[in-house]
$ cat run.pdb   # PDB, C-alpha atoms
ATOM      1  CA  MET R   1     213.678  86.637  62.445
ATOM      2  CA  SER R   2     217.177  87.864  63.295
ATOM      3  CA  GLY R   3     217.935  85.382  65.986
ATOM      4  CA  ILE R   4     216.105  87.007  68.890
ATOM      5  CA  GLU R   5     214.327  84.591  71.110
ATOM      6  CA  VAL R   6     212.853  85.168  74.522
ATOM      7  CA  THR R   7     212.454  81.921  76.372
ATOM      8  CA  GLY R   8     212.771  80.576  79.841
ATOM      9  CA  PRO R   9     216.008  78.963  80.968
ATOM     10  CA  LYS R  10     217.089  76.197  78.603
ATOM     11  CA  ILE R  11     217.182  72.605  79.765
ATOM     12  CA  MET R  12     220.783  71.451  79.800
ATOM     13  CA  PHE R  13     220.446  67.762  80.667
ATOM     14  CA  GLU R  14     218.183  65.357  82.457
ATOM     15  CA  ILE R  15     218.819  63.113  85.457
ATOM     16  CA  PRO R  16     217.075  59.812  84.717
ATOM     17  CA  ILE R  17     215.602  59.170  88.172
ATOM     18  CA  LEU R  18     212.048  59.673  89.433
ATOM     19  CA  GLY R  19     210.753  60.012  85.893
ATOM     20  CA  GLY R  20     213.485  62.406  84.784
ATOM     21  CA  ILE R  21     214.529  65.508  86.666
ATOM     22  CA  THR R  22     215.333  68.286  84.208
ATOM     23  CA  ILE R  23     218.360  70.406  85.028
ATOM     24  CA  THR R  24     218.053  73.908  83.603
ATOM     25  CA  GLU R  25     220.659  76.601  83.050
ATOM     26  CA  THR R  26     219.554  78.251  86.279
ATOM     27  CA  VAL R  27     220.480  75.260  88.411
ATOM     28  CA  VAL R  28     223.860  74.803  86.738
ATOM     29  CA  TRP R  29     224.844  78.478  87.026
ATOM     30  CA  SER R  30     223.540  78.574  90.619
ATOM     31  CA  TRP R  31     225.902  75.766  91.561
ATOM     32  CA  CYS R  32     228.736  77.506  89.717
ATOM     33  CA  ILE R  33     228.043  80.683  91.719
ATOM     34  CA  ILE R  34     227.927  78.707  94.950
ATOM     35  CA  GLY R  35     231.324  77.259  94.099
ATOM     36  CA  VAL R  36     232.767  80.671  93.243
ATOM     37  CA  VAL R  37     231.429  82.244  96.438
ATOM     38  CA  PHE R  38     232.761  79.317  98.458
ATOM     39  CA  LEU R  39     236.214  79.721  96.910
ATOM     40  CA  LEU R  40     236.035  83.470  97.526
ATOM     41  CA  CYS R  41     235.256  82.847 101.204
ATOM     42  CA  LEU R  42     238.165  80.413 101.453
ATOM     43  CA  VAL R  43     240.572  82.894  99.854
ATOM     44  CA  LEU R  44     239.377  85.864 101.891
ATOM     45  CA  THR R  45     239.529  84.057 105.238
ATOM     46  CA  HIS R  46     242.747  82.158 104.588
ATOM     47  CA  LYS R  47     245.120  82.289 107.590
ATOM     48  CA  LEU R  48     243.347  84.910 109.679
ATOM     49  CA  GLU R  49     245.521  86.981 112.011
ATOM     50  CA  LYS R  50     244.713  89.041 115.057
ATOM     51  CA  VAL R  51     246.111  92.214 113.490
ATOM     52  CA  PRO R  52     245.206  92.197 109.791
ATOM     53  CA  VAL R  53     248.161  92.964 107.541
ATOM     54  CA  LYS R  54     247.004  91.114 104.423
ATOM     55  CA  LYS R  55     244.685  92.779 101.909
ATOM     56  CA  THR R  56     242.361  89.779 101.752
ATOM     57  CA  GLN R  57     241.653  89.780 105.466
ATOM     58  CA  GLN R  58     241.050  93.534 105.431
ATOM     59  CA  ILE R  59     238.513  93.138 102.633
ATOM     60  CA  ALA R  60     236.767  90.299 104.487
ATOM     61  CA  GLU R  61     236.609  92.314 107.707
ATOM     62  CA  LYS R  62     235.275  95.353 105.873
ATOM     63  CA  LEU R  63     232.507  93.287 104.245
ATOM     64  CA  VAL R  64     231.485  91.664 107.527
ATOM     65  CA  ILE R  65     231.547  94.959 109.431
ATOM     66  CA  THR R  66     229.440  96.675 106.765
ATOM     67  CA  MET R  67     226.813  93.934 106.841
ATOM     68  CA  ASP R  68     226.868  93.861 110.654
ATOM     69  CA  SER R  69     226.195  97.578 110.905
ATOM     70  CA  LEU R  70     223.481  97.395 108.220
ATOM     71  CA  VAL R  71     221.648  94.610 110.063
ATOM     72  CA  GLU R  72     222.090  96.349 113.405
ATOM     73  CA  SER R  73     220.714  99.639 112.104
ATOM     74  CA  SER R  74     217.665  98.090 110.462
ATOM     75  CA  MET R  75     216.856  95.099 112.697
ATOM     76  CA  GLY R  76     218.259  96.003 116.098
ATOM     77  CA  LYS R  77     220.907  94.363 118.249
ATOM     78  CA  ASN R  78     218.830  91.312 119.250
ATOM     79  CA  HIS R  79     218.672  90.043 115.650
ATOM     80  CA  MET R  80     222.382  89.738 114.940
ATOM     81  CA  GLY R  81     221.905  86.015 114.292
ATOM     82  CA  TYR R  82     220.368  86.886 110.935
ATOM     83  CA  VAL R  83     223.598  88.397 109.585
ATOM     84  CA  PRO R  84     224.799  85.172 107.863
ATOM     85  CA  TYR R  85     221.427  84.659 106.176
ATOM     86  CA  ILE R  86     221.245  88.231 104.913
ATOM     87  CA  MET R  87     224.864  88.126 103.763
ATOM     88  CA  ALA R  88     224.307  84.856 101.903
ATOM     89  CA  LEU R  89     221.138  86.209 100.285
ATOM     90  CA  PHE R  90     222.882  89.406  99.227
ATOM     91  CA  THR R  91     225.941  87.647  97.807
ATOM     92  CA  MET R  92     223.897  85.062  95.957
ATOM     93  CA  SER R  93     221.512  87.653  94.537
ATOM     94  CA  LEU R  94     224.306  90.008  93.483
ATOM     95  CA  PHE R  95     226.405  87.322  91.816
ATOM     96  CA  GLY R  96     223.323  85.699  90.320
ATOM     97  CA  SER R  97     222.394  88.939  88.552
ATOM     98  CA  LEU R  98     225.938  90.003  87.678
ATOM     99  CA  ILE R  99     226.517  86.706  85.889
ATOM    100  CA  SER R 100     224.766  88.302  82.912
ATOM    101  CA  LEU R 101     227.904  90.403  82.378
ATOM    102  CA  LEU R 102     229.594  87.188  81.264
ATOM    103  CA  GLY R 103     226.883  86.617  78.685
ATOM    104  CA  LEU R 104     225.184  83.899  80.680
ATOM    105  CA  ARG R 105     221.526  83.866  81.609
ATOM    106  CA  PRO R 106     221.096  85.521  85.019
ATOM    107  CA  VAL R 107     220.053  83.100  87.725
ATOM    108  CA  THR R 108     217.587  85.624  89.139
ATOM    109  CA  ALA R 109     215.766  85.918  85.797
ATOM    110  CA  ASP R 110     214.097  82.625  86.711
ATOM    111  CA  ILE R 111     211.089  82.917  88.976
ATOM    112  CA  ASN R 112     211.943  79.647  90.744
ATOM    113  CA  THR R 113     215.094  81.170  92.215
ATOM    114  CA  THR R 114     213.584  84.375  93.553
ATOM    115  CA  MET R 115     210.432  82.648  94.750
ATOM    116  CA  SER R 116     212.410  80.088  96.737
ATOM    117  CA  TRP R 117     214.320  82.897  98.445
ATOM    118  CA  ALA R 118     211.050  84.706  99.109
ATOM    119  CA  ILE R 119     209.546  81.546 100.621
ATOM    120  CA  LEU R 120     212.603  81.161 102.871
ATOM    121  CA  THR R 121     212.119  84.727 104.020
ATOM    122  CA  PHE R 122     208.411  84.104 104.545
ATOM    123  CA  LEU R 123     209.169  81.096 106.767
ATOM    124  CA  LEU R 124     211.665  83.180 108.755
ATOM    125  CA  ILE R 125     209.093  85.959 109.195
ATOM    126  CA  GLN R 126     206.527  83.490 110.569
ATOM    127  CA  PHE R 127     209.146  81.747 112.720
ATOM    128  CA  ASN R 128     210.242  85.051 114.213
ATOM    129  CA  GLY R 129     206.641  86.050 114.830
ATOM    130  CA  ILE R 130     205.898  82.797 116.680
ATOM    131  CA  LYS R 131     209.136  83.015 118.641
ATOM    132  CA  ASN R 132     208.529  86.549 119.831
ATOM    133  CA  LYS R 133     204.793  86.484 120.507
ATOM    134  CA  GLY R 134     204.183  82.837 121.330
ATOM    135  CA  ILE R 135     201.734  80.654 119.395
ATOM    136  CA  LYS R 136     198.735  82.293 121.041
ATOM    137  CA  GLY R 137     199.835  85.852 120.473
ATOM    138  CA  TYR R 138     200.852  85.008 116.915
ATOM    139  CA  LEU R 139     197.432  83.581 116.069
ATOM    140  CA  LYS R 140     195.748  86.462 117.856
ATOM    141  CA  GLY R 141     197.572  88.881 115.575
ATOM    142  CA  PHE R 142     195.446  87.643 112.673
ATOM    143  CA  VAL R 143     192.128  88.741 114.213
ATOM    144  CA  GLU R 144     193.262  92.234 115.053
ATOM    145  CA  PRO R 145     191.888  94.861 115.121
ATOM    146  CA  ILE R 146     188.545  93.080 114.481
ATOM    147  CA  PRO R 147     187.904  89.385 113.621
ATOM    148  CA  LEU R 148     186.220  90.450 110.390
ATOM    149  CA  LEU R 149     189.661  91.237 108.945
ATOM    150  CA  LEU R 150     190.916  87.639 109.263
ATOM    151  CA  PRO R 151     190.895  86.826 105.504
ATOM    152  CA  ILE R 152     192.525  90.138 104.628
ATOM    153  CA  ASN R 153     195.247  89.603 107.225
ATOM    154  CA  ILE R 154     195.978  86.140 105.872
ATOM    155  CA  ILE R 155     196.097  87.429 102.286
ATOM    156  CA  SER R 156     198.395  90.271 103.244
ATOM    157  CA  GLU R 157     200.696  87.807 104.999
ATOM    158  CA  PHE R 158     200.952  85.685 101.857
ATOM    159  CA  SER R 159     201.321  88.637  99.500
ATOM    160  CA  THR R 160     204.639  89.563 101.114
ATOM    161  CA  PRO R 161     206.724  86.720  99.600
ATOM    162  CA  LEU R 162     204.737  86.944  96.363
ATOM    163  CA  SER R 163     205.584  90.596  95.820
ATOM    164  CA  MET R 164     209.210  90.124  96.871
ATOM    165  CA  GLY R 165     209.766  87.239  94.486
ATOM    166  CA  PHE R 166     207.948  88.885  91.592
ATOM    167  CA  ARG R 167     209.783  92.180  92.089
ATOM    168  CA  HIS R 168     213.246  90.692  91.880
ATOM    169  CA  PHE R 169     212.314  88.365  89.005
ATOM    170  CA  GLY R 170     210.508  91.097  87.082
ATOM    171  CA  ASN R 171     213.330  93.599  87.281
ATOM    172  CA  ILE R 172     216.067  91.236  86.152
ATOM    173  CA  ALA R 173     213.956  89.463  83.522
ATOM    174  CA  ALA R 174     212.748  92.780  82.084
ATOM    175  CA  GLY R 175     216.356  93.957  81.837
ATOM    176  CA  THR R 176     217.365  90.781  80.019
ATOM    177  CA  ILE R 177     214.444  91.008  77.588
ATOM    178  CA  ILE R 178     214.857  94.718  76.834
ATOM    179  CA  THR R 179     218.606  94.335  76.278
ATOM    180  CA  SER R 180     218.112  91.415  73.894
ATOM    181  CA  LEU R 181     215.330  93.243  72.011
ATOM    182  CA  VAL R 182     217.447  96.376  71.543
ATOM    183  CA  TYR R 183     220.397  94.252  70.504
ATOM    184  CA  GLY R 184     218.279  92.429  67.932
ATOM    185  CA  ALA R 185     216.854  95.708  66.592
ATOM    186  CA  LEU R 186     220.338  97.181  66.193
ATOM    187  CA  ALA R 187     221.529  94.019  64.457
ATOM    188  CA  GLY R 188     218.602  94.351  62.039
ATOM    189  CA  LEU R 189     219.452  98.015  61.450
ATOM    190  CA  SER R 190     223.089  97.326  60.611
ATOM    191  CA  SER R 191     222.247  94.452  58.294
ATOM    192  CA  MET R 192     219.703  96.726  56.553
ATOM    193  CA  VAL R 193     222.228  99.557  56.093
ATOM    194  CA  PHE R 194     224.938  97.264  54.746
ATOM    195  CA  GLY R 195     222.561  95.444  52.437
ATOM    196  CA  GLY R 196     222.281  92.082  54.140
ATOM    197  CA  LEU R 197     225.893  91.856  55.282
ATOM    198  CA  GLN R 198     226.201  91.007  58.978
ATOM    199  CA  ILE R 199     228.596  93.777  60.011
ATOM    200  CA  PRO R 200     227.950  94.635  63.684
ATOM    201  CA  VAL R 201     228.421  98.405  63.676
ATOM    202  CA  PHE R 202     225.403  99.797  65.487
ATOM    203  CA  GLN R 203     225.595  97.210  68.256
ATOM    204  CA  ALA R 204     228.729  98.890  69.587
ATOM    205  CA  GLY R 205     227.483 101.758  71.754
ATOM    206  CA  LEU R 206     223.943 101.591  73.063
ATOM    207  CA  PRO R 207     223.839  98.060  74.527
ATOM    208  CA  ALA R 208     226.833  98.917  76.711
ATOM    209  CA  VAL R 209     224.933 101.790  78.307
ATOM    210  CA  LEU R 210     221.837  99.622  78.729
ATOM    211  CA  SER R 211     223.956  96.874  80.239
ATOM    212  CA  LEU R 212     225.464  99.381  82.665
ATOM    213  CA  TYR R 213     221.990 100.266  83.901
ATOM    214  CA  PHE R 214     220.256  96.891  83.770
ATOM    215  CA  ASP R 215     223.122  94.598  84.708
ATOM    216  CA  LEU R 216     225.134  96.643  87.194
ATOM    217  CA  PHE R 217     222.738  99.173  88.711
ATOM    218  CA  THR R 218     219.592  97.054  88.794
ATOM    219  CA  ALA R 219     221.493  93.993  90.017
ATOM    220  CA  GLY R 220     222.991  95.840  92.960
ATOM    221  CA  LEU R 221     219.789  97.714  93.739
ATOM    222  CA  GLN R 222     217.572  94.619  93.640
ATOM    223  CA  ALA R 223     219.961  92.628  95.834
ATOM    224  CA  PHE R 224     219.985  95.504  98.311
ATOM    225  CA  ILE R 225     216.195  95.965  98.241
ATOM    226  CA  PHE R 226     215.558  92.241  98.665
ATOM    227  CA  CYS R 227     217.827  92.126 101.718
ATOM    228  CA  MET R 228     216.428  95.343 103.189
ATOM    229  CA  LEU R 229     212.838  94.129 102.811
ATOM    230  CA  THR R 230     213.780  90.774 104.351
ATOM    231  CA  MET R 231     215.263  92.544 107.354
ATOM    232  CA  VAL R 232     212.406  94.999 107.716
ATOM    233  CA  PHE R 233     209.703  92.323 107.498
ATOM    234  CA  ILE R 234     211.453  89.961 109.928
ATOM    235  CA  ALA R 235     212.103  92.701 112.478
ATOM    236  CA  ASN R 236     208.582  94.056 111.949
ATOM    237  CA  ASN R 237     207.085  90.986 113.598
ATOM    238  CA  ASP R 238     208.706  91.720 116.946
ATOM    239  CA  SER R 239     206.230  93.498 119.118
TER     240      SER R 239
ATOM    241  CA  MET S   1     190.861  81.541  63.272
ATOM    242  CA  GLU S   2     190.283  81.092  66.980
ATOM    243  CA  ARG S   3     194.024  80.957  67.470
ATOM    244  CA  ALA S   4     194.496  84.215  65.594
ATOM    245  CA  ILE S   5     191.856  85.944  67.705
ATOM    246  CA  ILE S   6     193.473  84.687  70.897
ATOM    247  CA  LEU S   7     196.931  85.815  69.758
ATOM    248  CA  ALA S   8     195.680  89.265  68.791
ATOM    249  CA  ALA S   9     193.742  89.661  72.016
ATOM    250  CA  SER S  10     196.798  88.536  73.998
ATOM    251  CA  ALA S  11     198.980  91.140  72.313
ATOM    252  CA  ILE S  12     196.437  93.866  73.031
ATOM    253  CA  GLY S  13     196.080  92.577  76.593
ATOM    254  CA  ALA S  14     199.845  92.691  77.105
ATOM    255  CA  GLY S  15     199.873  96.291  75.962
ATOM    256  CA  LEU S  16     196.976  97.159  78.244
ATOM    257  CA  ALA S  17     198.645  95.411  81.181
ATOM    258  CA  MET S  18     201.647  97.693  80.877
ATOM    259  CA  ILE S  19     199.406 100.716  81.575
ATOM    260  CA  ALA S  20     200.088  99.623  85.146
ATOM    261  CA  GLY S  21     203.446 101.339  84.687
ATOM    262  CA  ILE S  22     201.788 104.738  85.142
ATOM    263  CA  GLY S  23     201.154 104.271  88.853
ATOM    264  CA  PRO S  24     204.693 103.365  89.935
ATOM    265  CA  GLY S  25     206.039 106.100  87.658
ATOM    266  CA  ILE S  26     204.031 108.770  89.449
ATOM    267  CA  GLY S  27     204.727 107.246  92.852
ATOM    268  CA  GLN S  28     208.471 106.954  92.356
ATOM    269  CA  GLY S  29     208.697 110.466  90.972
ATOM    270  CA  TYR S  30     206.839 111.743  94.006
ATOM    271  CA  ALA S  31     209.147 109.802  96.344
ATOM    272  CA  ALA S  32     212.258 111.098  94.573
ATOM    273  CA  GLY S  33     210.952 114.668  94.726
ATOM    274  CA  LYS S  34     210.263 114.387  98.430
ATOM    275  CA  ALA S  35     213.708 112.849  98.971
ATOM    276  CA  ALA S  36     215.304 115.777  97.124
ATOM    277  CA  GLU S  37     213.370 118.161  99.369
ATOM    278  CA  ALA S  38     214.523 116.262 102.441
ATOM    279  CA  VAL S  39     218.159 116.376 101.334
ATOM    280  CA  GLY S  40     217.822 120.105 100.709
ATOM    281  CA  ARG S  41     216.498 120.586 104.211
ATOM    282  CA  GLN S  42     218.939 118.214 105.928
ATOM    283  CA  PRO S  43     222.014 117.540 103.755
ATOM    284  CA  GLU S  44     223.830 115.618 106.513
ATOM    285  CA  ALA S  45     221.195 112.830 106.469
ATOM    286  CA  GLN S  46     221.682 112.135 102.777
ATOM    287  CA  GLY S  47     222.731 108.493 103.224
ATOM    288  CA  THR S  48     219.709 107.547 105.305
ATOM    289  CA  ILE S  49     217.330 109.447 103.038
ATOM    290  CA  LEU S  50     218.733 107.766  99.933
ATOM    291  CA  ARG S  51     218.394 104.322 101.497
ATOM    292  CA  THR S  52     214.840 104.954 102.638
ATOM    293  CA  MET S  53     213.891 106.331  99.234
ATOM    294  CA  LEU S  54     215.315 103.325  97.421
ATOM    295  CA  ILE S  55     213.351 100.924  99.615
ATOM    296  CA  GLY S  56     210.213 102.997  99.135
ATOM    297  CA  CYS S  57     210.725 103.003  95.380
ATOM    298  CA  GLY S  58     211.262  99.252  95.456
ATOM    299  CA  VAL S  59     208.001  98.691  97.268
ATOM    300  CA  ALA S  60     206.097 101.135  95.066
ATOM    301  CA  GLU S  61     207.403  99.299  92.033
ATOM    302  CA  SER S  62     205.646  96.049  92.827
ATOM    303  CA  THR S  63     202.292  96.943  91.208
ATOM    304  CA  GLY S  64     204.117  97.823  88.008
ATOM    305  CA  ILE S  65     206.001  94.547  88.213
ATOM    306  CA  TYR S  66     202.694  92.660  88.517
ATOM    307  CA  GLY S  67     201.602  94.291  85.273
ATOM    308  CA  LEU S  68     204.912  93.339  83.685
ATOM    309  CA  VAL S  69     204.575  89.730  84.802
ATOM    310  CA  VAL S  70     201.078  89.550  83.306
ATOM    311  CA  ALA S  71     202.364  91.042  80.039
ATOM    312  CA  LEU S  72     205.267  88.587  79.941
ATOM    313  CA  LEU S  73     202.899  85.691  80.549
ATOM    314  CA  LEU S  74     200.614  86.806  77.741
ATOM    315  CA  LEU S  75     203.486  87.284  75.309
ATOM    316  CA  PHE S  76     205.835  84.401  76.006
ATOM    317  CA  ALA S  77     203.973  81.748  78.017
ATOM    318  CA  ASN S  78     200.397  82.227  76.912
ATOM    319  CA  PRO S  79     198.108  79.965  78.958
ATOM    320  CA  LEU S  80     195.054  80.726  76.815
ATOM    321  CA  ILE S  81     196.260  78.935  73.675
ATOM    322  CA  GLY S  82     196.302  75.690  75.633
ATOM    323  CA  LEU S  83     192.568  76.062  76.260
ATOM    324  CA  LEU S  84     191.660  75.626  72.572
TER     325      LEU S  84
END
$ encode --input "run.pdb" --output "structure tokens"
Amino acid sequence: MSGIEVTGPKIMFEIPILGGITITETVVWSWCIIGVVFLLCLVLTHKLEKVPVKKTQQIAEKLVITMDSLVESSMGKNHMGYVPYIMALFTMSLFGSLISLLGLRPVTADINTTMSWAILTFLLIQFNGIKNKGIKGYLKGFVEPIPLLLPINIISEFSTPLSMGFRHFGNIAAGTIITSLVYGALAGLSSMVFGGLQIPVFQAGLPAVLSLYFDLFTAGLQAFIFCMLTMVFIANNDS
Amino acid sequence: MERAIILAASAIGAGLAMIAGIGPGIGQGYAAGKAAEAVGRQPEAQGTILRTMLIGCGVAESTGIYGLVVALLLLFANPLIGLL
């Protein structure tokens, strides 16, 4: 109709090995974000000094201290080794959603991205459970309080990464779809008012507000929730 | 004909799936109300309360998101048409 289309990520090119590996937008933008974050890390930690005088080092220290205190308050002091993982997850998720401000397709609006993060978290949860309780105690946890609950325990264990991945994907994808639908409707309205002329008048105000909510607020909130749930679930498997 | 029936039923099904939005709506409103009460009682703990509420809302949202995923599947990646 008026140029609205809701599709998955477009295929950009194909690597002709193993029967053709398709490279989608998601993969390309993910690697771009990885590069940007890497450059950001290099700039922020360039020439560290004992007493920070430069702005960049102060920003870097502030970020690290904030994440340290967040992990310590929600996971406890004995889990400080998870700080890099949580920080990486948060940065990647935040940048991956905020990329939609540049008009690109958000990386997190692809279920493959969020599901792979959720599976990583799932593996860490199980690893932490085995490490803290031992193989025997870990397996025994599945038949508690009564052995009859074994299937339900297993299902609940697997539903954790499922719900985490779907939540993040659903929020960002819904934002993308709603924004594009509203944008298309407003474009149709202005072309109707001006008798077929494509003068973008009505598209000026409302999409900005929507973008403020869906792109900025939801992106930050979902990154935060994903990291918080990761921390809570990993630390939950302690005792 | 069969295709038309499947498309119509999918559209209706997508609409019905989004009824799942009622539950999270009630739950999140309840959580926000309780959080407001808690802040009124203990204004100095506002940061912690806000954080806890946001996590709770995020978890409560997941059933609604399941409904959304089903609706999206039915609308944009319909698996039923392939069965014809």
$ closest_residue --input "run.pdb" --among "R:Ile199, R:Thr230, R:Val83, R:Ser69" --to "Ile119 (chain R)" --atoms "all atoms listed in the file"
R:Thr230
$ interface_residues --input "run.pdb" --of "chain R" --to "chain S" --cutoff "12 Å" --atoms "only C-alpha atoms" --output "MDAnalysis selection string"
chainID R and resid 5:8 70 73:74 109 111 159:175 177:178 218 220:232
$ closest_residue --input "run.pdb" --among "R:Ser156, R:Ser97, R:Thr22, R:Thr108" --to "Phe122 (chain R)" --atoms "all atoms listed in the file"
R:Ser156
$ atom_distance --input "run.pdb" --atom1 "CA of Tyr82 (chain R)" --atom2 "CA of Thr114 (chain R)"
18.8 Å
$ atom_distance --input "run.pdb" --atom1 "CA of Ser211 (chain R)" --atom2 "CA of Gly33 (chain S)"
26.4 Å
$ resolve_selection --input "run.pdb" --expression "the PyMOL selection byres ((chain R and resi 64) around 12)" --output "ChimeraX atom specification"
/R:41,44-45,57-63,65-71,80,83-84,86-88,91
$ atom_distance --input "run.pdb" --atom1 "CA of Gln28 (chain S)" --atom2 "CA of Ala219 (chain R)"
18.5 Å
$ resolve_selection --input "run.pdb" --expression "the PyMOL selection byres ((chain S and resi 18) around 9)" --output "PyMOL selection string"
chain S and resi 13-17+19-22+64+67-68+70-71
$ resolve_selection --input "run.pdb" --expression "the PyMOL selection byres ((chain R and resi 12) around 12)" --output "PyMOL selection string"
chain R and resi 9-11+13-15+21-29
$ residues_around --input "run.pdb" --residues "Ala35 (chain S)" --least-positions-apart "5" --cutoff "10 Å" --atoms "all atoms listed in the file" --output "PDB file with C-alpha atoms, keeping the file's coordinate frame"
ATOM      1  CA  GLY S  29     208.697 110.466  90.972  1.00  0.00           C
ATOM      2  CA  TYR S  30     206.839 111.743  94.006  1.00  0.00           C
ATOM      3  CA  GLY S  40     217.822 120.105 100.709  1.00  0.00           C
ATOM      4  CA  ARG S  41     216.498 120.586 104.211  1.00  0.00           C
ATOM      5  CA  GLN S  46     221.682 112.135 102.777  1.00  0.00           C
ATOM      6  CA  ILE S  49     217.330 109.447 103.038  1.00  0.00           C
ATOM      7  CA  LEU S  50     218.733 107.766  99.933  1.00  0.00           C
ATOM      8  CA  THR S  52     214.840 104.954 102.638  1.00  0.00           C
ATOM      9  CA  MET S  53     213.891 106.331  99.234  1.00  0.00           C
ATOM     10  CA  LEU S  54     215.315 103.325  97.421  1.00  0.00           C
TER      11      LEU S  54
END
$ residues_near_point --input "run.pdb" --point "(227.8, 93.1, 64.9)" --cutoff "9 Å" --atoms "only C-alpha atoms" --output "NGL selection string"
:R and (186-187 or 190-191 or 198-204)
$ write_last_selection --input "run.pdb" --atoms "C-alpha atoms" --output "mmCIF file, keeping the file's coordinate frame"
data_model
loop_
_atom_site.group_PDB
_atom_site.id
_atom_site.type_symbol
_atom_site.label_atom_id
_atom_site.label_comp_id
_atom_site.auth_asym_id
_atom_site.auth_seq_id
_atom_site.Cartn_x
_atom_site.Cartn_y
_atom_site.Cartn_z
ATOM 1 C CA LEU R 186 220.338 97.181 66.193
ATOM 2 C CA ALA R 187 221.529 94.019 64.457
ATOM 3 C CA SER R 190 223.089 97.326 60.611
ATOM 4 C CA SER R 191 222.247 94.452 58.294
ATOM 5 C CA GLN R 198 226.201 91.007 58.978
ATOM 6 C CA ILE R 199 228.596 93.777 60.011
ATOM 7 C CA PRO R 200 227.950 94.635 63.684
ATOM 8 C CA VAL R 201 228.421 98.405 63.676
ATOM 9 C CA PHE R 202 225.403 99.797 65.487
ATOM 10 C CA GLN R 203 225.595 97.210 68.256
ATOM 11 C CA ALA R 204 228.729 98.890 69.587
#
$ axis_aligned_box --input "run.pdb" --around "region 61-70 of chain R" --padding-each-side "6 Å" --output "JSON"
{"center_x": 230.0, "center_y": 94.6, "center_z": 107.6, "size_x": 25.1, "size_y": 17.9, "size_z": 18.7}
$ residues_around --input "run.pdb" --residues "Pro207 (chain R)" --least-positions-apart "4" --cutoff "9 Å" --atoms "only C-alpha atoms" --output "list in words"
Thr179, Ser180, Val182, Tyr183, Gln203, Ser211 and Leu212 of chain R
$ closest_residue --input "run.pdb" --among "S:Ile26, S:Leu74, S:Ile81, S:Ala38" --to "Ser10 (chain S)" --atoms "only C-alpha atoms"
S:Leu74
$ residues_around --input "run.pdb" --residues "Gln126 (chain R)" --least-positions-apart "2" --cutoff "10 Å" --atoms "all atoms listed in the file" --output "ChimeraX atom specification"
/R:121-124,128-132,138,157,233-234,237
$ decode --input "run.pdb" --residues "region 2-31 of chain S" --atoms "C-alpha atoms" --output "PDB file, in the first residue's frame"
ATOM      1  CA  GLU S   2      -9.054 -22.656   1.829  1.00  0.00           C
ATOM      2  CA  ARG S   3      -6.373 -19.998   1.803  1.00  0.00           C
ATOM      3  CA  ALA S   4      -8.924 -17.268   2.434  1.00  0.00           C
ATOM      4  CA  ILE S   5     -10.398 -19.167   5.372  1.00  0.00           C
ATOM      5  CA  ILE S   6      -6.950 -19.702   6.857  1.00  0.00           C
ATOM      6  CA  LEU S   7      -6.038 -16.025   6.429  1.00  0.00           C
ATOM      7  CA  ALA S   8      -9.280 -14.855   8.018  1.00  0.00           C
ATOM      8  CA  ALA S   9      -8.963 -17.301  10.888  1.00  0.00           C
ATOM      9  CA  SER S  10      -5.346 -16.219  11.417  1.00  0.00           C
ATOM     10  CA  ALA S  11      -6.356 -12.571  11.630  1.00  0.00           C
ATOM     11  CA  ILE S  12      -9.085 -13.380  14.142  1.00  0.00           C
ATOM     12  CA  GLY S  13      -6.652 -15.596  16.052  1.00  0.00           C
ATOM     13  CA  ALA S  14      -4.084 -12.796  16.202  1.00  0.00           C
ATOM     14  CA  GLY S  15      -6.706 -10.493  17.646  1.00  0.00           C
ATOM     15  CA  LEU S  16      -7.765 -13.101  20.183  1.00  0.00           C
ATOM     16  CA  ALA S  17      -4.147 -13.761  21.153  1.00  0.00           C
ATOM     17  CA  MET S  18      -3.715 -10.134  22.141  1.00  0.00           C
ATOM     18  CA  ILE S  19      -6.432 -10.548  24.804  1.00  0.00           C
ATOM     19  CA  ALA S  20      -3.454 -11.858  26.760  1.00  0.00           C
ATOM     20  CA  GLY S  21      -2.567  -8.195  27.236  1.00  0.00           C
ATOM     21  CA  ILE S  22      -5.263  -7.873  29.908  1.00  0.00           C
ATOM     22  CA  GLY S  23      -3.383  -9.929  32.484  1.00  0.00           C
ATOM     23  CA  PRO S  24      -0.075  -8.038  32.429  1.00  0.00           C
ATOM     24  CA  GLY S  25      -2.004  -4.760  32.345  1.00  0.00           C
ATOM     25  CA  ILE S  26      -3.783  -5.565  35.593  1.00  0.00           C
ATOM     26  CA  GLY S  27      -0.646  -7.029  37.144  1.00  0.00           C
ATOM     27  CA  GLN S  28       1.588  -4.098  36.267  1.00  0.00           C
ATOM     28  CA  GLY S  29      -0.992  -1.602  37.455  1.00  0.00           C
ATOM     29  CA  TYR S  30      -1.222  -3.458  40.740  1.00  0.00           C
ATOM     30  CA  ALA S  31       2.579  -3.510  41.077  1.00  0.00           C
TER      31      ALA S  31
END
